[in-house]
Each structure stands twice: as structure tokens, then as C-alpha cells.
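Shown next: upload.csv, given as CSV, C-alpha atoms.
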```csv
chain,number,residue,atom,x,y,z
A,1,MET,CA,10.1,-8.3,-35.5
A,2,ASN,CA,8.8,-11.4,-33.7
A,3,ILE,CA,6.5,-10.3,-30.9
A,4,TYR,CA,8.3,-12.4,-28.3
A,5,LEU,CA,11.7,-11.3,-29.3
A,6,ASP,CA,10.4,-7.7,-29.1
A,7,LEU,CA,9.1,-8.3,-25.6
A,8,PHE,CA,12.4,-9.9,-24.5
A,9,LEU,CA,14.6,-7.1,-26.0
A,10,THR,CA,12.4,-4.3,-24.7
A,11,PHE,CA,12.6,-5.6,-21.2
A,12,ALA,CA,16.3,-6.2,-21.6
A,13,LYS,CA,16.5,-2.5,-22.5
A,14,VAL,CA,14.5,-1.6,-19.4
A,15,GLY,CA,17.0,-3.7,-17.4
A,16,VAL,CA,20.0,-1.9,-18.8
A,17,CYS,CA,18.5,1.5,-18.1
A,18,THR,CA,17.5,0.8,-14.5
A,19,PHE,CA,19.8,1.9,-11.8
A,20,GLY,CA,18.9,0.9,-8.2
A,21,GLY,CA,15.6,-0.7,-7.1
A,22,GLY,CA,12.4,-1.3,-8.8
A,23,TYR,CA,11.3,2.3,-8.4
A,24,ALA,CA,14.1,3.5,-10.6
A,25,MET,CA,12.6,1.3,-13.3
A,26,LEU,CA,9.4,3.2,-13.4
A,27,PRO,CA,10.5,6.1,-15.6
A,28,ILE,CA,12.0,3.7,-18.1
A,29,LEU,CA,8.8,1.6,-18.1
A,30,GLN,CA,6.7,4.7,-18.7
A,31,ARG,CA,8.9,5.5,-21.7
A,32,GLU,CA,9.4,2.1,-23.3
A,33,VAL,CA,6.2,0.2,-22.4
A,34,VAL,CA,3.5,2.9,-22.0
A,35,GLU,CA,4.6,5.6,-24.5
A,36,LYS,CA,6.5,3.7,-27.1
A,37,LYS,CA,4.9,0.2,-27.2
A,38,GLY,CA,1.5,0.9,-25.7
A,39,TRP,CA,1.6,-2.5,-23.9
A,40,ALA,CA,0.2,-1.0,-20.7
A,41,THR,CA,-1.4,2.2,-19.4
A,42,GLU,CA,-0.2,4.5,-16.6
A,43,GLU,CA,-3.0,3.2,-14.5
A,44,GLU,CA,-2.0,-0.4,-15.1
A,45,LEU,CA,1.6,0.4,-14.2
A,46,THR,CA,0.4,1.7,-10.8
A,47,ASP,CA,-1.8,-1.4,-10.4
A,48,TYR,CA,1.2,-3.6,-11.0
A,49,PHE,CA,3.5,-1.7,-8.7
A,50,ALA,CA,0.8,-1.9,-6.0
A,51,ILE,CA,0.4,-5.7,-6.4
A,52,GLY,CA,4.2,-6.1,-6.8
A,53,GLN,CA,4.7,-4.5,-3.4
A,54,CYS,CA,2.6,-7.0,-1.5
A,55,THR,CA,3.4,-10.2,-3.3
A,56,PRO,CA,6.6,-12.3,-3.0
A,57,GLY,CA,9.6,-11.2,-5.0
A,58,ILE,CA,11.2,-8.0,-5.9
A,59,ILE,CA,9.1,-5.3,-7.5
A,60,ALA,CA,11.1,-5.0,-10.8
A,61,VAL,CA,10.6,-8.7,-11.6
A,62,ASN,CA,6.9,-8.7,-10.5
A,63,THR,CA,6.1,-5.8,-12.8
A,64,ALA,CA,7.9,-7.3,-15.8
A,65,THR,CA,6.0,-10.6,-15.4
A,66,PHE,CA,2.7,-8.6,-15.1
A,67,ILE,CA,3.2,-6.6,-18.3
A,68,GLY,CA,4.5,-9.5,-20.3
A,69,HIS,CA,1.5,-11.6,-19.2
A,70,LYS,CA,-0.9,-8.8,-20.1
A,71,TYR,CA,0.6,-8.5,-23.6
A,72,LYS,CA,1.2,-12.2,-24.5
A,73,GLY,CA,0.0,-14.5,-21.8
A,74,ILE,CA,2.2,-16.9,-19.8
A,75,ALA,CA,5.0,-17.1,-22.4
A,76,GLY,CA,5.0,-13.3,-22.5
A,77,GLY,CA,5.3,-13.1,-18.7
A,78,ILE,CA,8.2,-15.4,-18.6
A,79,LEU,CA,10.0,-13.8,-21.6
A,80,ALA,CA,9.6,-10.3,-20.2
A,81,THR,CA,11.0,-11.4,-16.9
A,82,LEU,CA,14.0,-13.2,-18.5
A,83,GLY,CA,14.6,-10.1,-20.5
A,84,VAL,CA,14.7,-7.8,-17.5
A,85,VAL,CA,17.3,-10.0,-15.7
A,86,PHE,CA,19.4,-10.7,-18.8
A,87,PRO,CA,21.6,-7.6,-18.8
A,88,SER,CA,22.3,-8.1,-15.0
A,89,LEU,CA,23.6,-11.6,-15.7
A,90,ILE,CA,26.1,-10.4,-18.3
A,91,ILE,CA,27.2,-7.2,-16.6
A,92,ILE,CA,27.5,-8.6,-13.1
A,93,THR,CA,29.3,-11.7,-14.4
A,94,ILE,CA,31.9,-9.6,-16.2
A,95,ILE,CA,32.4,-7.4,-13.1
A,96,ALA,CA,32.6,-10.2,-10.7
A,97,ALA,CA,35.1,-12.0,-12.9
A,98,PHE,CA,37.4,-9.2,-13.9
A,99,LEU,CA,36.7,-6.1,-11.8
A,100,GLN,CA,36.9,-7.1,-8.2
A,101,ASN,CA,37.3,-3.5,-6.9
A,102,PHE,CA,34.7,-2.1,-9.4
A,103,ALA,CA,32.7,-0.2,-6.8
A,104,SER,CA,35.8,1.4,-5.1
A,105,TYR,CA,37.2,3.0,-8.3
A,106,PRO,CA,36.8,6.8,-7.7
A,107,VAL,CA,35.4,7.3,-11.2
A,108,VAL,CA,32.6,4.8,-10.5
A,109,ALA,CA,31.8,6.4,-7.2
A,110,HIS,CA,31.6,9.9,-8.8
A,111,ALA,CA,29.5,8.6,-11.7
A,112,LEU,CA,27.2,6.8,-9.3
A,113,ALA,CA,26.7,9.9,-7.2
A,114,GLY,CA,25.7,11.8,-10.3
A,115,ILE,CA,23.4,9.0,-11.4
A,116,ASN,CA,21.7,8.9,-8.0
A,117,ALA,CA,20.9,12.6,-8.2
A,118,ALA,CA,19.4,12.0,-11.7
A,119,VAL,CA,17.4,9.0,-10.4
A,120,VAL,CA,15.8,11.3,-7.8
A,121,ALA,CA,14.7,13.7,-10.5
A,122,LEU,CA,13.5,10.8,-12.8
A,123,ILE,CA,11.3,9.3,-10.0
A,124,ALA,CA,9.9,12.8,-9.3
A,125,VAL,CA,8.9,13.2,-13.0
A,126,SER,CA,7.4,9.8,-13.0
A,127,VAL,CA,5.3,10.4,-9.9
A,128,PHE,CA,3.9,13.6,-11.4
A,129,LYS,CA,3.0,11.7,-14.6
A,130,LEU,CA,1.3,8.9,-12.6
A,131,GLY,CA,-0.4,11.4,-10.4
A,132,LYS,CA,-2.2,13.0,-13.4
A,133,SER,CA,-4.0,9.7,-14.1
A,134,THR,CA,-4.3,8.2,-10.6
A,135,LEU,CA,-5.2,11.3,-8.4
A,136,LYS,CA,-8.5,12.3,-10.1
A,137,GLY,CA,-11.7,12.9,-8.1
A,138,LYS,CA,-12.2,14.0,-4.6
A,139,ILE,CA,-11.1,11.0,-2.6
A,140,ALA,CA,-8.0,9.8,-4.4
A,141,PRO,CA,-5.8,12.8,-3.4
A,142,TRP,CA,-6.6,12.2,0.3
A,143,ILE,CA,-5.7,8.5,0.1
A,144,PHE,CA,-2.4,9.7,-1.6
A,145,ILE,CA,-1.6,12.1,1.2
A,146,VAL,CA,-2.5,9.8,4.1
A,147,VAL,CA,-0.5,6.9,2.6
A,148,LEU,CA,2.5,9.2,1.9
A,149,VAL,CA,2.5,10.6,5.5
A,150,LEU,CA,2.2,7.1,7.0
A,151,ALA,CA,4.8,5.5,4.7
A,152,GLN,CA,7.3,8.4,5.3
A,153,GLY,CA,6.4,9.1,8.9
A,154,GLY,CA,6.2,5.6,10.4
A,155,GLY,CA,9.8,5.5,11.5
A,156,LEU,CA,9.8,9.2,12.5
A,157,PHE,CA,6.8,8.8,14.8
A,158,SER,CA,8.3,5.9,16.7
A,159,ASP,CA,11.6,7.7,17.0
A,160,ALA,CA,10.0,11.0,18.1
A,161,LEU,CA,7.9,9.2,20.7
A,162,GLY,CA,10.9,7.2,21.8
A,163,LEU,CA,9.0,3.9,21.2
A,164,GLN,CA,10.9,0.7,21.4
A,165,GLY,CA,10.4,-3.0,21.1
A,166,LEU,CA,6.8,-4.1,20.5
A,167,ALA,CA,5.3,-0.6,20.0
A,168,ALA,CA,7.9,0.4,17.5
A,169,SER,CA,7.6,-2.9,15.5
A,170,ALA,CA,3.8,-2.6,15.6
A,171,ILE,CA,4.1,0.9,13.9
A,172,SER,CA,6.7,-0.3,11.4
A,173,THR,CA,4.4,-3.2,10.5
A,174,ILE,CA,1.3,-1.0,10.1
A,175,THR,CA,3.2,1.5,7.9
A,176,SER,CA,4.9,-1.1,5.7
A,177,PRO,CA,4.1,-0.8,2.0
A,178,ALA,CA,2.4,-4.2,1.9
A,179,VAL,CA,0.0,-3.4,4.7
A,180,LEU,CA,-0.7,0.0,3.3
A,181,VAL,CA,-1.5,-1.4,-0.1
A,182,VAL,CA,-3.9,-4.0,1.4
A,183,VAL,CA,-5.6,-1.4,3.6
A,184,ALA,CA,-6.0,1.0,0.6
A,185,GLY,CA,-7.5,-1.8,-1.5
A,186,VAL,CA,-10.1,-2.6,1.2
A,187,LEU,CA,-10.8,1.1,1.7
A,188,GLY,CA,-11.2,1.4,-2.1
A,189,TRP,CA,-13.8,-1.4,-2.1
A,190,PHE,CA,-15.8,0.3,0.6
A,191,LEU,CA,-15.5,3.8,-0.9
A,192,PHE,CA,-16.0,3.1,-4.6
A,193,TYR,CA,-18.0,-0.1,-4.8
A,194,PRO,CA,-21.7,1.0,-4.4
A,195,HIS,CA,-21.5,4.0,-6.6
A,196,ASN,CA,-18.7,3.1,-9.0
A,197,GLY,CA,-19.6,5.7,-11.5
A,198,GLY,CA,-18.1,9.2,-11.5
A,199,LYS,CA,-15.5,9.0,-8.7
A,200,GLY,CA,-12.0,7.6,-8.5
A,201,GLY,CA,-9.6,6.8,-11.3
A,202,GLU,CA,-11.3,3.8,-12.9
A,203,LYS,CA,-10.2,2.5,-16.2
A,204,ALA,CA,-11.6,4.0,-19.3
B,205,MET,CA,28.6,-29.3,-8.0
B,206,ILE,CA,25.0,-30.4,-8.7
B,207,MET,CA,24.2,-30.3,-5.0
B,208,THR,CA,25.7,-26.8,-4.7
B,209,LEU,CA,23.6,-25.7,-7.6
B,210,LEU,CA,20.4,-27.2,-6.2
B,211,ARG,CA,21.2,-25.6,-2.9
B,212,LEU,CA,21.8,-22.2,-4.6
B,213,PHE,CA,18.5,-22.4,-6.4
B,214,TYR,CA,16.7,-23.4,-3.2
B,215,GLU,CA,18.3,-20.6,-1.2
B,216,PHE,CA,17.4,-17.9,-3.8
B,217,PHE,CA,14.0,-19.4,-4.4
B,218,LYS,CA,13.4,-18.9,-0.7
B,219,THR,CA,14.8,-15.3,-0.9
B,220,GLY,CA,12.5,-14.6,-3.8
B,221,LEU,CA,9.5,-16.1,-2.1
B,222,PHE,CA,9.9,-14.3,1.3
B,223,SER,CA,11.3,-10.9,0.4
B,224,VAL,CA,8.5,-8.6,-0.4
B,225,GLY,CA,9.2,-5.2,-2.0
B,226,GLY,CA,12.3,-3.8,-3.6
B,227,GLY,CA,15.8,-5.2,-3.9
B,228,MET,CA,16.7,-3.8,-0.5
B,229,ALA,CA,14.2,-6.3,1.0
B,230,THR,CA,16.5,-9.2,-0.1
B,231,ILE,CA,19.4,-8.0,2.1
B,232,PRO,CA,18.4,-9.5,5.4
B,233,PHE,CA,17.8,-12.8,3.7
B,234,LEU,CA,21.2,-12.7,2.0
B,235,GLN,CA,22.8,-11.9,5.4
B,236,HIS,CA,21.2,-15.0,6.9
B,237,MET,CA,22.2,-17.1,3.8
B,238,GLY,CA,25.8,-16.0,4.2
B,239,GLU,CA,25.9,-16.9,7.9
B,240,LYS,CA,24.2,-20.3,7.4
B,241,THR,CA,26.0,-21.5,4.3
B,242,GLY,CA,29.4,-19.8,4.7
B,243,TRP,CA,29.3,-18.8,1.0
B,244,PHE,CA,30.2,-15.2,1.8
B,245,THR,CA,30.9,-13.0,4.7
B,246,ASN,CA,29.1,-9.8,5.7
B,247,GLY,CA,32.1,-7.9,4.3
B,248,ASP,CA,31.6,-9.7,0.9
B,249,LEU,CA,28.0,-8.8,1.1
B,250,THR,CA,28.8,-5.1,1.5
B,251,THR,CA,30.9,-5.2,-1.7
B,252,MET,CA,28.1,-7.0,-3.5
B,253,ILE,CA,25.6,-4.4,-2.5
B,254,ALA,CA,27.9,-1.6,-3.6
B,255,VAL,CA,28.5,-3.3,-7.0
B,256,SER,CA,24.8,-4.1,-7.4
B,257,GLU,CA,23.9,-0.5,-6.7
B,258,SER,CA,26.4,0.9,-9.1
B,259,THR,CA,25.6,-1.2,-12.1
B,260,PRO,CA,22.5,-1.3,-14.4
B,261,GLY,CA,19.7,-3.7,-13.6
B,262,PRO,CA,17.4,-4.1,-10.6
B,263,MET,CA,19.4,-4.4,-7.4
B,264,GLY,CA,17.9,-7.7,-6.2
B,265,VAL,CA,18.7,-9.4,-9.5
B,266,ASN,CA,22.2,-8.1,-9.5
B,267,MET,CA,22.8,-9.4,-6.0
B,268,ALA,CA,21.6,-12.9,-6.9
B,269,THR,CA,23.8,-12.9,-10.0
B,270,TYR,CA,26.8,-11.8,-8.0
B,271,VAL,CA,26.4,-14.3,-5.2
B,272,GLY,CA,25.7,-17.1,-7.7
B,273,PHE,CA,28.8,-16.3,-9.8
B,274,LYS,CA,31.0,-16.3,-6.6
B,275,ILE,CA,29.8,-19.7,-5.6
B,276,CYS,CA,29.6,-21.6,-9.0
B,277,GLY,CA,30.7,-19.4,-11.8
B,278,VAL,CA,28.5,-18.5,-14.7
B,279,VAL,CA,26.2,-21.5,-14.2
B,280,GLY,CA,25.8,-20.4,-10.6
B,281,ALA,CA,24.9,-16.9,-11.6
B,282,VAL,CA,22.1,-18.2,-13.9
B,283,VAL,CA,20.8,-20.7,-11.4
B,284,ALA,CA,20.7,-18.1,-8.5
B,285,THR,CA,19.0,-15.6,-10.7
B,286,LEU,CA,16.4,-18.1,-11.9
B,287,GLY,CA,15.8,-19.2,-8.3
B,288,LEU,CA,15.2,-15.6,-7.3
B,289,ILE,CA,12.7,-14.9,-10.1
B,290,ALA,CA,10.9,-18.2,-10.1
B,291,PRO,CA,8.5,-17.4,-7.2
B,292,SER,CA,7.6,-14.0,-8.7
B,293,ILE,CA,6.9,-15.6,-12.1
B,294,ILE,CA,4.6,-18.3,-10.6
B,295,VAL,CA,2.8,-16.0,-8.1
B,296,ILE,CA,2.3,-13.1,-10.5
B,297,LEU,CA,1.2,-15.3,-13.4
B,298,ILE,CA,-1.5,-16.8,-11.2
B,299,ILE,CA,-2.6,-13.3,-10.0
B,300,ALA,CA,-2.5,-11.9,-13.5
B,301,GLY,CA,-4.6,-14.7,-14.8
B,302,PHE,CA,-7.3,-14.0,-12.1
B,303,LEU,CA,-7.0,-10.3,-12.8
B,304,GLN,CA,-7.6,-10.7,-16.5
B,305,LYS,CA,-10.8,-12.7,-15.7
B,306,PHE,CA,-12.2,-10.3,-13.2
B,307,ARG,CA,-10.8,-7.0,-14.6
B,308,HIS,CA,-14.3,-5.7,-15.4
B,309,SER,CA,-15.9,-6.7,-12.1
B,310,LYS,CA,-17.1,-3.7,-10.1
B,311,SER,CA,-15.4,-5.0,-7.0
B,312,VAL,CA,-12.0,-5.2,-8.7
B,313,GLU,CA,-12.5,-1.8,-10.2
B,314,ALA,CA,-13.3,-0.4,-6.7
B,315,VAL,CA,-10.3,-2.0,-5.1
B,316,PHE,CA,-8.0,-0.6,-7.7
B,317,SER,CA,-9.5,2.9,-7.3
B,318,GLY,CA,-8.3,2.7,-3.7
B,319,LEU,CA,-5.0,1.1,-4.7
B,320,ARG,CA,-3.8,3.5,-7.3
B,321,PRO,CA,-3.5,6.6,-5.2
B,322,ALA,CA,-1.9,4.5,-2.5
B,323,SER,CA,0.6,3.0,-5.0
B,324,THR,CA,1.4,6.4,-6.3
B,325,ALA,CA,2.0,7.6,-2.7
B,326,LEU,CA,4.3,4.6,-2.0
B,327,ILE,CA,6.3,5.4,-5.1
B,328,ALA,CA,6.6,9.0,-4.0
B,329,SER,CA,7.6,7.9,-0.6
B,330,ALA,CA,10.3,5.7,-2.0
B,331,GLY,CA,11.5,8.6,-4.1
B,332,LEU,CA,11.7,10.8,-1.0
B,333,SER,CA,13.7,8.1,0.8
B,334,VAL,CA,16.1,8.0,-2.1
B,335,ALA,CA,16.3,11.8,-2.2
B,336,TRP,CA,17.0,11.9,1.5
B,337,SER,CA,19.9,9.4,1.2
B,338,VAL,CA,21.3,11.2,-1.9
B,339,PHE,CA,21.0,14.8,-0.7
B,340,THR,CA,22.2,14.5,2.9
B,341,VAL,CA,25.4,13.2,4.5
B,342,ALA,CA,25.3,12.2,8.2
B,343,ASN,CA,27.5,14.4,10.4
B,344,GLN,CA,30.4,12.3,11.4
B,345,LEU,CA,31.6,14.3,14.4
B,346,SER,CA,28.2,14.6,16.2
B,347,PRO,CA,25.8,12.0,14.9
B,348,ASP,CA,22.9,13.6,16.7
B,349,SER,CA,23.1,16.9,15.0
B,350,LEU,CA,21.3,17.6,11.7
B,351,PRO,CA,23.0,16.0,8.7
B,352,SER,CA,24.6,18.4,6.2
B,353,ILE,CA,23.1,18.8,2.8
B,354,ARG,CA,25.0,17.9,-0.4
B,355,TRP,CA,24.0,21.0,-2.4
B,356,ARG,CA,25.7,19.8,-5.6
B,357,ALA,CA,23.5,16.8,-5.7
B,358,VAL,CA,20.4,18.9,-5.0
B,359,ILE,CA,21.3,21.3,-7.8
B,360,LEU,CA,22.0,18.4,-10.3
B,361,ALA,CA,18.7,16.7,-9.4
B,362,ALA,CA,16.8,20.0,-9.8
B,363,ALA,CA,18.6,20.7,-13.2
B,364,VAL,CA,17.7,17.2,-14.4
B,365,PHE,CA,14.1,17.7,-13.3
B,366,VAL,CA,13.8,21.0,-15.1
B,367,CYS,CA,15.4,19.6,-18.3
B,368,MET,CA,13.0,16.6,-18.3
B,369,LYS,CA,10.0,19.0,-18.0
B,370,TRP,CA,11.4,21.4,-20.6
B,371,THR,CA,9.6,20.8,-24.0
B,372,PRO,CA,12.6,20.6,-26.3
B,373,LEU,CA,14.2,17.9,-24.2
B,374,LYS,CA,11.1,16.2,-23.0
B,375,LYS,CA,11.2,13.6,-25.7
B,376,LEU,CA,14.7,12.4,-24.9
B,377,HIS,CA,15.1,8.9,-23.4
B,378,PRO,CA,15.6,9.0,-19.6
B,379,ILE,CA,18.9,7.0,-20.0
B,380,LEU,CA,20.4,10.1,-21.7
B,381,PHE,CA,19.7,12.1,-18.5
B,382,ILE,CA,21.3,9.4,-16.4
B,383,ALA,CA,24.3,9.3,-18.7
B,384,ALA,CA,24.7,13.1,-18.6
B,385,ALA,CA,24.4,13.1,-14.8
B,386,ALA,CA,27.1,10.4,-14.6
B,387,VAL,CA,29.4,12.6,-16.7
B,388,VAL,CA,28.6,15.6,-14.5
B,389,GLY,CA,29.4,13.4,-11.5
B,390,ILE,CA,32.8,12.4,-12.8
B,391,ILE,CA,33.8,15.9,-14.0
B,392,PHE,CA,32.8,17.7,-10.8
B,393,GLN,CA,34.0,14.8,-8.5
B,394,PHE,CA,30.7,14.2,-6.8
```
What would the structure in this file look like if it were written as C-alpha cells?
Amino acid sequence: MNIYLDLFLTFAKVGVCTFGGGYAMLPILQREVVEKKGWATEEELTDYFAIGQCTPGIIAVNTATFIGHKYKGIAGGILATLGVVFPSLIIITIIAAFLQNFASYPVVAHALAGINAAVVALIAVSVFKLGKSTLKGKIAPWIFIVVLVLAQGGGLFSDALGLQGLAASAISTITSPAVLVVVAGVLGWFLFYPHNGGKGGEKA
Amino acid sequence: MIMTLLRLFYEFFKTGLFSVGGGMATIPFLQHMGEKTGWFTNGDLTTMIAVSESTPGPMGVNMATYVGFKICGVVGAVVATLGLIAPSIIVILIIAGFLQKFRHSKSVEAVFSGLRPASTALIASAGLSVAWSVFTVANQLSPDSLPSIRWRAVILAAAVFVCMKWTPLKKLHPILFIAAAAVVGIIFQF
């Protein structure tokens, strides 16, 4: 098959199989792009998600552009991205045109509730897979724990302390994904740069 | 018509440029867009969010397609979606180009060694947030008391997790588990 067509169709498949936000796309990417096609590694996926979180645009699109570019340059990036949005265009257009009450059909609501439960499990499986390649060494697990606590706890801290206004918004800024990614990157440079040999999860 | 399409592209280009993160990050921008242009009300937006969540495809893209279609039909859907993804394509292609050049620099390697565990943690955190919203339901009578747990959703998620880890089923495509869960949801009236 033509490489570009393959890229477009693979990402269209990823688009069809994604329910919810960009994170729900991760299990599908691992299967289609990492395991089946070998276009990216687990480490590269986490890199793309990290960068996708602090750059403009939604994560799903950013990640598609990244993988497409890595595989086939600029044309690849554009085709992968068009592929990932293609199913949405068709499905949403049909629903918006013919099924105005789509989301309020009981059968859709029940199916979605089931799908959401499965998505939780899928993301959990993905995180375990990623963790195997990204949480090696002594320092990485600690970065993982601290970032997880900050990302999850940010809102809880300010609620618990009854913070409002400026203090609350300061905490929510500090614990926003984009800021955490930048801080972790800077920290990575300080921790891993001088002796970038045995530690951390560097690329093979 | 042309002016509306240009406006549509411009508005979604802005949304794509300034919303950072997942599809949920686009919602405040869409709210603002609705108020400013009068294209849709907050009630319409709620419907659009519900549809975008319950159909395949990344949520942010679904929202753009939906709004675009409502304003200008199929052409509008295409234009709004292209507007949303254009900033991503431009910015990411530039970053990806740089990254390819400097991939083997020690500095870039060191930065990514810090980024990867953080990125994994953020994905885990997003997963926990999804889990929280799927597994609990706020107590209507007394909002301050602890939310009650949807045990059926917890059991279904646990079952899917175990199946995906179980060797005979490991190789199955994730979409099959999603489809099976949808069937379970319909049969047991989740």
C-alpha cells in the first residue's frame, strides 16, 4: 500500500477507535502505531504527549502530527492529522444532520456509560505499559509520584485550605499540566545532563 | 457565506491556538465564541458536548465539526475542523523539525528524561480524573456529603482491566473491549 495512504488510514482508524479526549487515544496508538506499525516507540509517545500538553491545540491532534512527521516529514504530519479528524467529520455530520437527539437516546446513554468504564481500564493498562519504559532508574519514579500528587491534588489542596481568589488561582496555575511539564523538563536537564549515562529512561 | 466561513475558520483557529491540552480545554473558548457570535447558545453547547463525548473521535475535533456543521453545513464542518487543527499542525511541525535535528544532543536527552515520568504521571492523573467521574455520582440531596459509588461501573472497569491483562485476550484490539463494554452497558442499563 502507498505509505501516505497507509498513514492516513491508520490514523483514521485511531480516530474511529478513540472515545473521549486525547488520553483515550493512547491505548489505540500503542496498539496501531507502536506495536503494529513500529512508527514510534513507547518513549516517543510519552514525549509527544508531554509536548502536546504544553503546546497550542488539542493533544490528540498534536500527537498525530508528531508521529506523522517522524515517519514521513511534513506531508506525513499533515496526512496523519487529517486522518485522525476524518471520521469525526463524517460521523458528526451525519448525527448533526439526522439525529438531533442522539445523546438523549437511552440506548446511547447506556452504551456510553459502559464505554466510559472500559476507557478507564484502557487508560490504566496504557499507563502500566508506559511506566515500564519511562519509570526506570532511581529518579524517574519520584518525578512520577510528585507530578501525580501535584496534578491530582492541586484542586484538593486549595479546597481543603479554603483558599480563594488569587491563592487558589496561583495553585491551579502551578499544578496545570503545561507548567508541570515545563518544570519536569528543566528538572530533567539539571538532574540528567552532566552524567547522562546510566540513569533515566534515555532512548536506546 | 464566504464571510461566515472565514469567520468560522478564524474563530476555530483562535480556539486551536489558545486552548492547551485535551478537548475539554476548548470548552471555555467555545462558550465565549457562542456569546460573541450568537452562533449557538449555552444550551446548544451542552448538547454538542454530549454528542462529542458519545461519538468516536477526539472530543475537541468533534465539537469543531458539530459547530461548523450547525453554522454552514458540511463546508462549515470542514472549515471549522481545519481551523482548529491548523495551529497544531504548524506549531508541532516546527517543533518536530527542531527535535529531529537535536534528538541526539545530550541536553535534549536530559530534558526528556525528566519529561517522560512527568508525562506518564499526567496521563495517570487524567485517567484518575476520568475514573472519578465515571465511578461516582454526586449526592443530589446533600451535595456536601460523600458521593455514592457506581459499583457496576467499577466492576465493569475491573473486568475489562483483567481481561486486557489476561494472556489469551491480550492480543485483541482495544476497540473490541470498548464494544463489549458498550453491549454490557446496554444490556444492564448502566
Mind running chain B against chain A at 6 Å and telling me each contacting residue's nearest atom pair with the distance in Å (one decimal), counting only C-alpha atoms, chain and number ascending, as CSV?
```
residue,atom,partner,partner_atom,distance
B:Gly220,CA,A:Gly57,CA,4.6
B:Leu221,CA,A:Pro56,CA,4.9
B:Phe222,CA,A:Pro56,CA,5.8
B:Ser223,CA,A:Gly57,CA,5.7
B:Val224,CA,A:Pro56,CA,4.9
B:Gly225,CA,A:Gln53,CA,4.8
B:Gly226,CA,A:Ile58,CA,4.9
B:Gly227,CA,A:Gly21,CA,5.5
B:Ala254,CA,A:Ala103,CA,5.9
B:Val255,CA,A:Ala103,CA,5.2
B:Glu257,CA,A:Gly20,CA,5.4
B:Ser258,CA,A:Leu112,CA,6.0
B:Pro260,CA,A:Phe19,CA,4.9
B:Gly261,CA,A:Gly15,CA,4.7
B:Pro262,CA,A:Gly21,CA,5.2
B:Met263,CA,A:Gly21,CA,5.3
B:Asn266,CA,A:Ser88,CA,5.5
B:Thr269,CA,A:Leu89,CA,5.8
B:Ser292,CA,A:Gly57,CA,5.1
B:Ser311,CA,A:Tyr193,CA,6.0
B:Ala314,CA,A:Trp189,CA,4.7
B:Val315,CA,A:Gly185,CA,4.6
B:Ser317,CA,A:Gly200,CA,5.5
B:Gly318,CA,A:Gly188,CA,3.6
B:Leu319,CA,A:Gly185,CA,5.0
B:Arg320,CA,A:Thr46,CA,5.8
B:Pro321,CA,A:Phe144,CA,4.9
B:Ala322,CA,A:Phe144,CA,5.3
B:Ser323,CA,A:Ala50,CA,5.0
B:Ala325,CA,A:Leu148,CA,4.9
B:Ser329,CA,A:Leu148,CA,5.8
B:Gly331,CA,A:Ile123,CA,5.9
B:Ala335,CA,A:Val120,CA,5.6
B:Ala357,CA,A:Ala117,CA,5.5
B:Ala361,CA,A:Ala117,CA,4.8
B:Phe365,CA,A:Ala121,CA,4.9
B:Ile379,CA,A:Cys17,CA,5.8
B:Ile382,CA,A:Ile115,CA,5.4
B:Ala385,CA,A:Gly114,CA,4.9
B:Ala386,CA,A:Ala111,CA,4.2
B:Gly389,CA,A:Gly114,CA,4.2
B:Ile390,CA,A:His110,CA,4.9
B:Gln393,CA,A:His110,CA,5.5
B:Phe394,CA,A:His110,CA,4.8
```
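What separates CA of Val358 in chain B from CA of Lys375 in chain B is a distance of 23.3 Å.
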- State, in Å with one decimal place, the distance from CA of Leu210 in chain B to CA of Leu79 in chain A.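 Interatomic distance here is 22.9 Å.
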